[in-house]
$ cat model_32.cif   # mmCIF, C-alpha atoms
data_run
#
loop_
_atom_site.label_atom_id
_atom_site.label_comp_id
_atom_site.auth_asym_id
_atom_site.auth_seq_id
_atom_site.Cartn_x
_atom_site.Cartn_y
_atom_site.Cartn_z
CA MET D 242 -74.35 33.16 15.91
CA PHE D 243 -76.48 31.47 13.27
CA ASP D 244 -74.91 28.07 14.01
CA THR D 245 -78.33 26.48 14.60
CA GLU D 246 -79.75 27.89 11.39
CA LYS D 247 -76.74 26.74 9.39
CA SER D 248 -76.87 23.17 10.72
CA THR D 249 -80.65 23.03 10.18
CA ALA D 250 -80.32 24.12 6.56
CA ALA D 251 -77.43 21.75 5.84
CA ALA D 252 -79.36 18.81 7.29
CA TRP D 253 -82.38 19.64 5.18
CA PHE D 254 -80.36 19.77 1.95
CA ARG D 255 -78.88 16.36 2.79
CA GLN D 256 -82.35 14.92 3.50
CA LEU D 257 -83.65 16.21 0.17
CA ARG D 258 -80.65 14.69 -1.56
CA ASP D 259 -81.36 11.28 -0.03
CA GLU D 260 -85.02 11.40 -1.09
CA ILE D 261 -84.17 12.32 -4.68
CA VAL D 262 -81.43 9.69 -5.04
CA ALA D 263 -83.84 7.00 -3.79
CA ALA D 264 -86.60 8.17 -6.14
CA PHE D 265 -84.31 8.21 -9.18
CA GLU D 266 -82.99 4.71 -8.50
CA ALA D 267 -86.60 3.57 -8.15
CA LEU D 268 -87.30 4.95 -11.64
CA GLU D 269 -84.45 2.84 -12.94
CA ASP D 270 -85.85 -0.27 -11.22
CA THR D 271 -89.42 0.21 -12.47
CA HIS D 272 -88.55 0.87 -16.12
CA SER D 273 -89.94 -2.42 -17.40
CA SER D 274 -91.14 -1.47 -20.91
CA GLY D 275 -90.06 0.84 -23.70
CA PRO D 276 -86.57 1.79 -24.91
CA LEU D 277 -83.66 0.36 -22.87
CA ALA D 278 -85.99 -1.60 -20.58
CA ASP D 279 -83.75 -4.67 -20.99
CA ALA D 280 -80.64 -2.82 -19.86
CA THR D 281 -79.20 -2.96 -16.36
CA PRO D 282 -80.78 -0.46 -13.94
CA GLY D 283 -78.48 2.43 -13.17
CA ARG D 284 -77.06 3.17 -9.74
CA PHE D 285 -75.45 6.25 -8.25
CA GLU D 286 -71.73 6.28 -7.62
CA VAL D 287 -71.12 8.31 -4.48
CA LYS D 288 -67.89 10.18 -3.83
CA GLU D 289 -67.02 12.30 -0.82
CA THR D 290 -65.60 15.69 -1.82
CA LYS D 291 -63.13 17.67 0.26
CA ARG D 292 -62.12 21.30 0.04
CA GLN D 293 -59.03 22.94 1.52
CA SER D 294 -58.19 26.55 2.20
CA GLU D 295 -55.00 28.05 0.78
CA ASP D 296 -53.23 27.31 4.05
CA GLY D 297 -54.27 23.65 3.85
CA SER D 298 -56.93 23.81 6.55
CA ASP D 299 -60.32 22.13 6.25
CA ALA D 300 -62.83 24.17 4.24
CA GLY D 301 -65.74 21.74 4.03
CA GLY D 302 -66.95 19.42 1.30
CA GLY D 303 -69.88 17.19 0.51
CA LEU D 304 -71.17 14.25 -1.47
CA MET D 305 -71.10 13.96 -5.26
CA SER D 306 -73.58 11.33 -6.48
CA VAL D 307 -73.54 10.58 -10.20
CA MET D 308 -75.39 7.94 -12.21
CA ARG D 309 -74.17 7.23 -15.74
CA GLY D 310 -75.58 4.99 -18.43
CA GLY D 311 -78.81 4.01 -16.71
CA ARG D 312 -81.99 2.78 -18.35
CA VAL D 313 -83.75 6.12 -17.81
CA PHE D 314 -80.93 8.51 -16.92
CA GLU D 315 -78.02 8.91 -19.31
CA LYS D 316 -76.26 11.06 -16.72
CA VAL D 317 -77.61 12.57 -13.53
CA GLY D 318 -75.76 14.21 -10.68
CA VAL D 319 -77.12 15.06 -7.26
CA ASN D 320 -74.54 16.98 -5.24
CA VAL D 321 -74.79 18.27 -1.69
CA SER D 322 -72.11 20.34 -0.01
CA THR D 323 -71.31 22.57 2.93
CA VAL D 324 -68.26 24.78 2.44
CA TYR D 325 -66.73 27.63 4.37
CA GLY D 326 -63.67 29.78 4.59
CA THR D 327 -62.59 33.14 3.22
CA LEU D 328 -63.67 34.58 -0.08
CA GLY D 329 -60.85 35.35 -2.49
CA THR D 330 -60.39 38.80 -3.94
CA ARG D 331 -62.28 38.09 -7.17
CA ALA D 332 -65.18 36.47 -5.34
CA GLN D 333 -65.31 39.43 -2.92
CA GLN D 334 -65.42 41.86 -5.81
CA ALA D 335 -68.12 39.91 -7.63
CA MET D 336 -70.28 39.72 -4.51
CA ALA D 337 -69.75 43.35 -3.62
CA ALA D 338 -70.67 44.41 -7.16
CA ARG D 339 -73.84 42.31 -7.17
CA LYS D 340 -75.05 42.87 -3.62
CA GLY D 341 -73.25 45.96 -2.38
CA ILE D 342 -72.37 44.31 0.94
CA PRO D 343 -70.33 46.64 3.17
CA GLY D 344 -67.42 45.19 5.08
CA MET D 345 -66.63 42.26 2.76
CA THR D 346 -63.03 43.38 2.36
CA GLU D 347 -62.48 43.69 6.11
CA ASP D 348 -64.16 40.35 6.97
CA PRO D 349 -64.56 38.10 3.90
CA ARG D 350 -65.58 34.93 5.77
CA PHE D 351 -68.39 32.86 4.27
CA TRP D 352 -70.39 29.67 4.76
CA ALA D 353 -72.52 28.04 2.08
CA SER D 354 -74.60 24.88 1.89
CA GLY D 355 -76.91 23.49 -0.72
CA ILE D 356 -78.04 20.80 -3.10
CA SER D 357 -77.57 20.89 -6.86
CA LEU D 358 -79.09 18.49 -9.39
CA VAL D 359 -78.91 18.13 -13.16
CA ALA D 360 -80.44 15.20 -15.05
CA HIS D 361 -79.77 14.34 -18.71
CA MET D 362 -82.09 11.61 -19.93
CA GLN D 363 -81.69 8.63 -22.27
CA ASN D 364 -85.01 9.18 -24.03
CA PRO D 365 -85.28 12.51 -25.91
CA HIS D 366 -88.98 12.66 -25.05
CA VAL D 367 -88.10 12.89 -21.35
CA PRO D 368 -87.06 16.45 -20.44
CA ALA D 369 -83.75 17.29 -18.87
CA VAL D 370 -84.12 19.09 -15.57
CA HIS D 371 -82.16 21.24 -13.13
CA MET D 372 -82.80 21.95 -9.46
CA ASN D 373 -80.88 23.58 -6.65
CA THR D 374 -81.52 25.17 -3.29
CA ARG D 375 -78.90 26.82 -1.12
CA MET D 376 -78.14 29.04 1.84
CA PHE D 377 -75.27 31.53 1.97
CA TRP D 378 -73.96 33.30 5.08
CA THR D 379 -71.40 36.00 5.73
CA PRO D 380 -70.88 37.99 8.95
CA HIS D 381 -72.68 40.84 7.19
CA THR D 382 -75.80 39.14 5.86
CA TRP D 383 -77.36 35.83 4.78
CA TRP D 384 -79.66 34.73 1.98
CA PHE D 385 -81.26 31.78 0.21
CA GLY D 386 -81.43 30.90 -3.45
CA GLY D 387 -82.49 28.23 -5.86
CA GLY D 388 -85.29 26.81 -7.94
CA SER D 389 -85.92 24.27 -10.65
CA ASP D 390 -86.42 24.50 -14.39
CA LEU D 391 -87.39 22.12 -17.16
CA ASN D 392 -85.26 21.70 -20.29
CA PRO D 393 -87.01 19.54 -22.89
CA CYS D 394 -85.56 19.15 -26.36
CA ILE D 395 -89.00 17.99 -27.55
CA GLU D 396 -91.65 20.13 -25.88
CA TYR D 397 -95.04 18.93 -24.69
CA ASP D 398 -97.39 21.66 -23.52
CA GLU D 399 -99.07 19.40 -20.97
CA ASP D 400 -95.72 18.54 -19.41
CA THR D 401 -94.80 22.20 -19.09
CA ALA D 402 -98.21 22.94 -17.57
CA HIS D 403 -97.84 20.18 -14.97
CA PHE D 404 -94.34 21.26 -14.00
CA HIS D 405 -95.40 24.86 -13.45
CA ALA D 406 -98.71 24.03 -11.75
CA THR D 407 -96.96 21.82 -9.19
CA GLN D 408 -94.47 24.53 -8.37
CA LYS D 409 -97.24 27.12 -8.09
CA ALA D 410 -99.20 24.92 -5.67
CA HIS D 411 -96.19 24.65 -3.37
CA LEU D 412 -95.32 28.36 -3.51
CA ASP D 413 -98.92 29.53 -3.07
CA GLN D 414 -98.76 28.21 0.49
CA HIS D 415 -96.46 31.17 1.20
CA GLY D 416 -98.57 33.78 -0.55
CA PRO D 417 -99.96 34.28 -4.07
CA GLY D 418 -97.21 36.62 -5.17
CA HIS D 419 -94.31 34.19 -4.94
CA TYR D 420 -94.97 31.99 -7.99
CA PRO D 421 -95.38 34.75 -10.62
CA ARG D 422 -92.33 36.58 -9.28
CA LEU D 423 -90.10 33.48 -9.18
CA LYS D 424 -91.36 32.37 -12.59
CA ASP D 425 -90.39 35.72 -14.11
CA TRP D 426 -87.05 35.52 -12.28
CA ALA D 427 -86.38 32.11 -13.85
CA ASP D 428 -87.31 33.34 -17.32
CA GLU D 429 -84.81 36.16 -16.95
CA TYR D 430 -82.04 34.12 -15.34
CA PHE D 431 -82.15 31.13 -17.69
CA TYR D 432 -82.10 33.22 -20.85
CA ILE D 433 -79.11 32.75 -23.18
CA PRO D 434 -78.27 36.22 -24.54
CA HIS D 435 -75.93 35.14 -27.32
CA ARG D 436 -78.57 32.71 -28.63
CA LYS D 437 -81.46 35.11 -27.98
CA ARG D 438 -83.57 32.33 -26.50
CA ALA D 439 -84.40 30.57 -23.25
CA ARG D 440 -82.55 27.35 -22.47
CA GLY D 441 -85.83 25.55 -21.65
CA VAL D 442 -89.48 26.13 -20.70
CA GLY D 443 -88.74 27.81 -17.40
CA GLY D 444 -89.66 27.09 -13.85
CA ILE D 445 -88.96 29.04 -10.67
CA PHE D 446 -85.81 30.76 -9.43
CA MET D 447 -84.68 33.15 -6.72
CA ASP D 448 -81.32 34.45 -5.59
CA ASP D 449 -80.07 36.69 -2.78
CA TYR D 450 -83.42 36.11 -1.05
CA CYS D 451 -83.59 37.56 2.46
CA THR D 452 -86.65 39.18 4.01
CA GLY D 453 -85.03 39.29 7.44
CA ASP D 454 -87.25 36.43 8.67
CA TRP D 455 -84.95 33.39 8.49
CA ALA D 456 -87.62 30.82 9.39
CA ALA D 457 -90.04 32.07 6.74
CA ASP D 458 -87.36 32.27 4.07
CA PHE D 459 -86.13 28.78 4.92
CA ALA D 460 -89.69 27.42 4.76
CA LEU D 461 -90.09 28.88 1.28
CA THR D 462 -86.77 27.35 0.22
CA GLN D 463 -87.88 23.96 1.56
CA ASP D 464 -91.07 24.05 -0.49
CA ILE D 465 -89.09 24.89 -3.61
CA GLY D 466 -87.22 21.64 -2.92
CA ARG D 467 -90.35 19.68 -2.02
CA ALA D 468 -92.01 20.68 -5.30
CA PHE D 469 -89.32 19.07 -7.41
CA LEU D 470 -90.16 15.35 -7.30
CA PRO D 471 -93.95 15.70 -7.79
CA ALA D 472 -93.30 18.16 -10.61
CA PHE D 473 -90.77 15.97 -12.43
CA LEU D 474 -91.41 12.27 -11.72
CA PRO D 475 -94.79 12.02 -13.50
CA LEU D 476 -93.21 13.42 -16.66
CA VAL D 477 -90.48 10.78 -16.58
CA GLU D 478 -92.94 7.97 -15.97
CA LYS D 479 -95.11 9.11 -18.88
CA ARG D 480 -92.40 9.76 -21.48
CA ARG D 481 -89.77 7.08 -20.75
CA VAL D 482 -91.80 4.41 -22.61
CA GLN D 483 -92.02 6.36 -25.89
CA GLU D 484 -90.03 5.08 -28.83
CA PHE D 485 -87.52 7.44 -30.41
CA ASP D 486 -85.34 7.51 -33.53
CA GLU D 487 -81.96 8.96 -34.49
CA THR D 488 -83.54 12.26 -35.50
CA ALA D 489 -84.98 12.74 -32.02
CA LYS D 490 -81.65 11.81 -30.43
CA ASP D 491 -79.86 14.30 -32.67
CA THR D 492 -82.33 17.00 -31.58
CA GLN D 493 -81.49 16.14 -27.98
CA LEU D 494 -77.73 16.39 -28.52
CA VAL D 495 -78.01 19.80 -30.19
CA HIS D 496 -80.23 21.05 -27.37
CA ARG D 497 -77.66 19.87 -24.83
CA GLY D 498 -75.17 22.20 -26.50
CA LEU D 499 -77.32 25.10 -25.32
CA TYR D 500 -77.22 23.75 -21.79
CA ALA D 501 -73.45 23.45 -21.82
CA GLU D 502 -73.01 26.96 -23.21
CA TYR D 503 -75.22 28.47 -20.53
CA ASN D 504 -73.57 26.68 -17.63
CA LEU D 505 -70.04 27.52 -18.73
CA VAL D 506 -70.68 31.14 -19.66
CA TYR D 507 -73.42 32.46 -17.37
CA ASP D 508 -74.24 30.19 -14.43
CA ARG D 509 -73.35 31.83 -11.11
CA GLY D 510 -73.08 28.55 -9.26
CA THR D 511 -70.47 27.24 -11.69
CA LYS D 512 -68.46 30.45 -11.43
CA PHE D 513 -68.66 30.51 -7.63
CA GLY D 514 -67.66 26.86 -7.27
CA LEU D 515 -64.58 27.28 -9.45
CA GLU D 516 -63.63 30.62 -7.88
CA THR D 517 -63.75 29.17 -4.35
CA GLY D 518 -61.71 26.06 -5.12
CA HIS D 519 -64.42 23.41 -4.90
CA ASP D 520 -63.89 20.03 -6.59
CA PRO D 521 -64.08 20.83 -10.34
CA ASP D 522 -65.67 17.46 -11.11
CA ALA D 523 -68.48 18.30 -8.71
CA VAL D 524 -68.84 21.85 -10.05
CA LEU D 525 -68.97 20.66 -13.68
CA MET D 526 -71.23 17.71 -12.93
CA SER D 527 -74.00 19.58 -14.76
CA LEU D 528 -72.40 19.15 -18.17
CA PRO D 529 -74.06 16.55 -20.41
CA PRO D 530 -72.28 13.30 -21.25
CA MET D 531 -72.63 14.01 -24.97
CA ALA D 532 -73.63 17.14 -26.87
CA LYS D 533 -73.53 18.39 -30.44
CA TRP D 534 -72.95 21.70 -32.18
CA VAL D 535 -73.97 22.13 -35.81
#
$ encode --input "model_32.cif" --output "structure tokens"
Amino acid sequence: MFDTEKSTAAAWFRQLRDEIVAAFEALEDTHSSGPLADATPGRFEVKETKRQSEDGSDAGGGLMSVMRGGRVFEKVGVNVSTVYGTLGTRAQQAMAARKGIPGMTEDPRFWASGISLVAHMQNPHVPAVHMNTRMFWTPHTWWFGGGSDLNPCIEYDEDTAHFHATQKAHLDQHGPGHYPRLKDWADEYFYIPHRKRARGVGGIFMDDYCTGDWAADFALTQDIGRAFLPAFLPLVEKRRVQEFDETAKDTQLVHRGLYAEYNLVYDRGTKFGLETGHDPDAVLMSLPPMAKWV
């Protein structure tokens, strides 16, 4: 049961991954003026990831694609994975506490697939960005999650407006209530309590999303993914040519510290990946190459 839906979702996440990787390498190739234009265009290094159950049996895996030291991207990772197996005791307890799923102890099998992306940019005027979409299944229920959010260290109101307007246009196809609800969800989720501030300028986010209509929920998840490139690429193309100085770079490094703190302390995806034994390099791909605390 649900085998068709699982394979359909996994194939979609892989297709989205391929489109994004191609678009990002094209940005590297077309960066012909501005800072670092004379450098060598960056390329993704692709590594297959494997996961094993405690008994040594196959438990899925995926592709980790990371570009480092590019002309536009200082570090960007685009990971796609499909993993399955049995949830450990701590993961069962965390899921039961959050979702109240009956029967998890008796039958803790799970299947999960998704794409996760984090981009840290060379130019401080270009915003960092995060995106992920995913599907999770257990014998007791299923749900979707994901979204994308913008993390500039130097904010431009017009960039924020474009990012949000593009996401709204894609979500409005599924009803006018989705964008404001997912925007508020992102504002709540990407808040850093110990800093008493948001980690960026927001975006859209949903988790544990299940209306009971798989096709409709999957279609919404697809449009969250489809919104990403048109929301983000124009901002990169506009800002990558701007000159920057050491002060701007220092601002960027300090802001990256916020990103690292959030992902290590609060991010559910990071916690789940480490709890379920996924490749730690893939799980921690989101961390910036350099950061600064003052």
$ residues_around --input "model_32.cif" --residues "region 318-330 of chain D" --least-positions-apart "5" --cutoff "7 Å" --atoms "only C-alpha atoms" --output "VMD selection string"
chain D and resid 251 254 to 255 258 294 300 to 308 349 to 360 517 526 to 527
$ residues_near_point --input "model_32.cif" --point "(-70.0, 23.9, -24.7)" --cutoff "10 Å" --atoms "all atoms listed in the file" --output "ChimeraX atom specification"
/D:497-506,528-529,532-534
$ atom_distance --input "model_32.cif" --atom1 "CA of Met376 (chain D)" --atom2 "CA of Glu266 (chain D)"
26.9 Å
$ atom_distance --input "model_32.cif" --atom1 "CA of Trp378 (chain D)" --atom2 "CA of Ile433 (chain D)"
28.7 Å
$ closest_residue --input "model_32.cif" --among "D:Ala523, D:Ile445, D:Leu476, D:Leu515" --to "Asp464 (chain D)" --atoms "all atoms listed in the file"
D:Ile445
$ residues_around --input "model_32.cif" --residues "Ala489 (chain D)" --least-positions-apart "2" --cutoff "12 Å" --atoms "only C-alpha atoms" --output "ChimeraX atom specification"
/D:363-367,393-396,483-487,491-496
$ write_last_selection --input "model_32.cif" --atoms "C-alpha atoms" --output "mmCIF file, keeping the file's coordinate frame"
data_model
loop_
_atom_site.group_PDB
_atom_site.id
_atom_site.type_symbol
_atom_site.label_atom_id
_atom_site.label_comp_id
_atom_site.auth_asym_id
_atom_site.auth_seq_id
_atom_site.Cartn_x
_atom_site.Cartn_y
_atom_site.Cartn_z
ATOM 1 C CA GLN D 363 -81.690 8.630 -22.270
ATOM 2 C CA ASN D 364 -85.010 9.180 -24.030
ATOM 3 C CA PRO D 365 -85.280 12.510 -25.910
ATOM 4 C CA HIS D 366 -88.980 12.660 -25.050
ATOM 5 C CA VAL D 367 -88.100 12.890 -21.350
ATOM 6 C CA PRO D 393 -87.010 19.540 -22.890
ATOM 7 C CA CYS D 394 -85.560 19.150 -26.360
ATOM 8 C CA ILE D 395 -89.000 17.990 -27.550
ATOM 9 C CA GLU D 396 -91.650 20.130 -25.880
ATOM 10 C CA GLN D 483 -92.020 6.360 -25.890
ATOM 11 C CA GLU D 484 -90.030 5.080 -28.830
ATOM 12 C CA PHE D 485 -87.520 7.440 -30.410
ATOM 13 C CA ASP D 486 -85.340 7.510 -33.530
ATOM 14 C CA GLU D 487 -81.960 8.960 -34.490
ATOM 15 C CA ASP D 491 -79.860 14.300 -32.670
ATOM 16 C CA THR D 492 -82.330 17.000 -31.580
ATOM 17 C CA GLN D 493 -81.490 16.140 -27.980
ATOM 18 C CA LEU D 494 -77.730 16.390 -28.520
ATOM 19 C CA VAL D 495 -78.010 19.800 -30.190
ATOM 20 C CA HIS D 496 -80.230 21.050 -27.370
#
$ closest_residue --input "model_32.cif" --among "D:Arg312, D:Ala457, D:Leu470, D:Glu289" --to "Ala263 (chain D)" --atoms "all atoms listed in the file"
D:Leu470
$ closest_residue --input "model_32.cif" --among "D:Trp383, D:Lys288, D:Leu268, D:Phe314" --to "Asp454 (chain D)" --atoms "only C-alpha atoms"
D:Trp383
$ atom_distance --input "model_32.cif" --atom1 "CA of Leu525 (chain D)" --atom2 "CA of Ala427 (chain D)"
20.8 Å
$ resolve_selection --input "model_32.cif" --expression "the PyMOL selection byres ((chain D and resi 276) around 7)" --output "ChimeraX atom specification"
/D:274-275,277-278,482,484
$ closest_residue --input "model_32.cif" --among "D:Val313, D:Ser298, D:His403, D:Ile261" --to "Asp279 (chain D)" --atoms "only C-alpha atoms"
D:Val313
$ resolve_selection --input "model_32.cif" --expression "the PyMOL selection byres ((chain D and resi 408-414) around 10)" --output "list in words"
Gly388, Ser389, His403, Phe404, His405, Ala406, Thr407, His415, Gly416, Pro417, Gly418, His419, Tyr420, Pro421, Leu423, Lys424, Gly444, Ile445, Leu461, Thr462, Gln463, Asp464, Ile465, Gly466, Arg467, Ala468, Phe469, Pro471 and Ala472 of chain D
$ residues_around --input "model_32.cif" --residues "Ala267 (chain D)" --least-positions-apart "2" --cutoff "12 Å" --atoms "all atoms listed in the file" --output "PDB file with C-alpha atoms, in the coordinates of the input"
ATOM      1  CA  GLU D 260     -85.020  11.400  -1.090  1.00  0.00           C
ATOM      2  CA  ILE D 261     -84.170  12.320  -4.680  1.00  0.00           C
ATOM      3  CA  VAL D 262     -81.430   9.690  -5.040  1.00  0.00           C
ATOM      4  CA  ALA D 263     -83.840   7.000  -3.790  1.00  0.00           C
ATOM      5  CA  ALA D 264     -86.600   8.170  -6.140  1.00  0.00           C
ATOM      6  CA  PHE D 265     -84.310   8.210  -9.180  1.00  0.00           C
ATOM      7  CA  GLU D 269     -84.450   2.840 -12.940  1.00  0.00           C
ATOM      8  CA  ASP D 270     -85.850  -0.270 -11.220  1.00  0.00           C
ATOM      9  CA  THR D 271     -89.420   0.210 -12.470  1.00  0.00           C
ATOM     10  CA  HIS D 272     -88.550   0.870 -16.120  1.00  0.00           C
ATOM     11  CA  SER D 273     -89.940  -2.420 -17.400  1.00  0.00           C
ATOM     12  CA  PRO D 282     -80.780  -0.460 -13.940  1.00  0.00           C
ATOM     13  CA  GLY D 283     -78.480   2.430 -13.170  1.00  0.00           C
ATOM     14  CA  ARG D 284     -77.060   3.170  -9.740  1.00  0.00           C
ATOM     15  CA  PHE D 285     -75.450   6.250  -8.250  1.00  0.00           C
ATOM     16  CA  GLY D 311     -78.810   4.010 -16.710  1.00  0.00           C
ATOM     17  CA  ARG D 312     -81.990   2.780 -18.350  1.00  0.00           C
ATOM     18  CA  VAL D 313     -83.750   6.120 -17.810  1.00  0.00           C
ATOM     19  CA  PHE D 314     -80.930   8.510 -16.920  1.00  0.00           C
ATOM     20  CA  LEU D 474     -91.410  12.270 -11.720  1.00  0.00           C
ATOM     21  CA  VAL D 477     -90.480  10.780 -16.580  1.00  0.00           C
ATOM     22  CA  GLU D 478     -92.940   7.970 -15.970  1.00  0.00           C
TER      23      GLU D 478
END
$ closest_residue --input "model_32.cif" --among "D:Ser248, D:Thr401, D:Asp348, D:Phe385" --to "Thr452 (chain D)" --atoms "only C-alpha atoms"
D:Phe385
$ closest_residue --input "model_32.cif" --among "D:Arg436, D:Asp296, D:Asp428, D:Pro368" --to "Asp398 (chain D)" --atoms "all atoms listed in the file"
D:Pro368
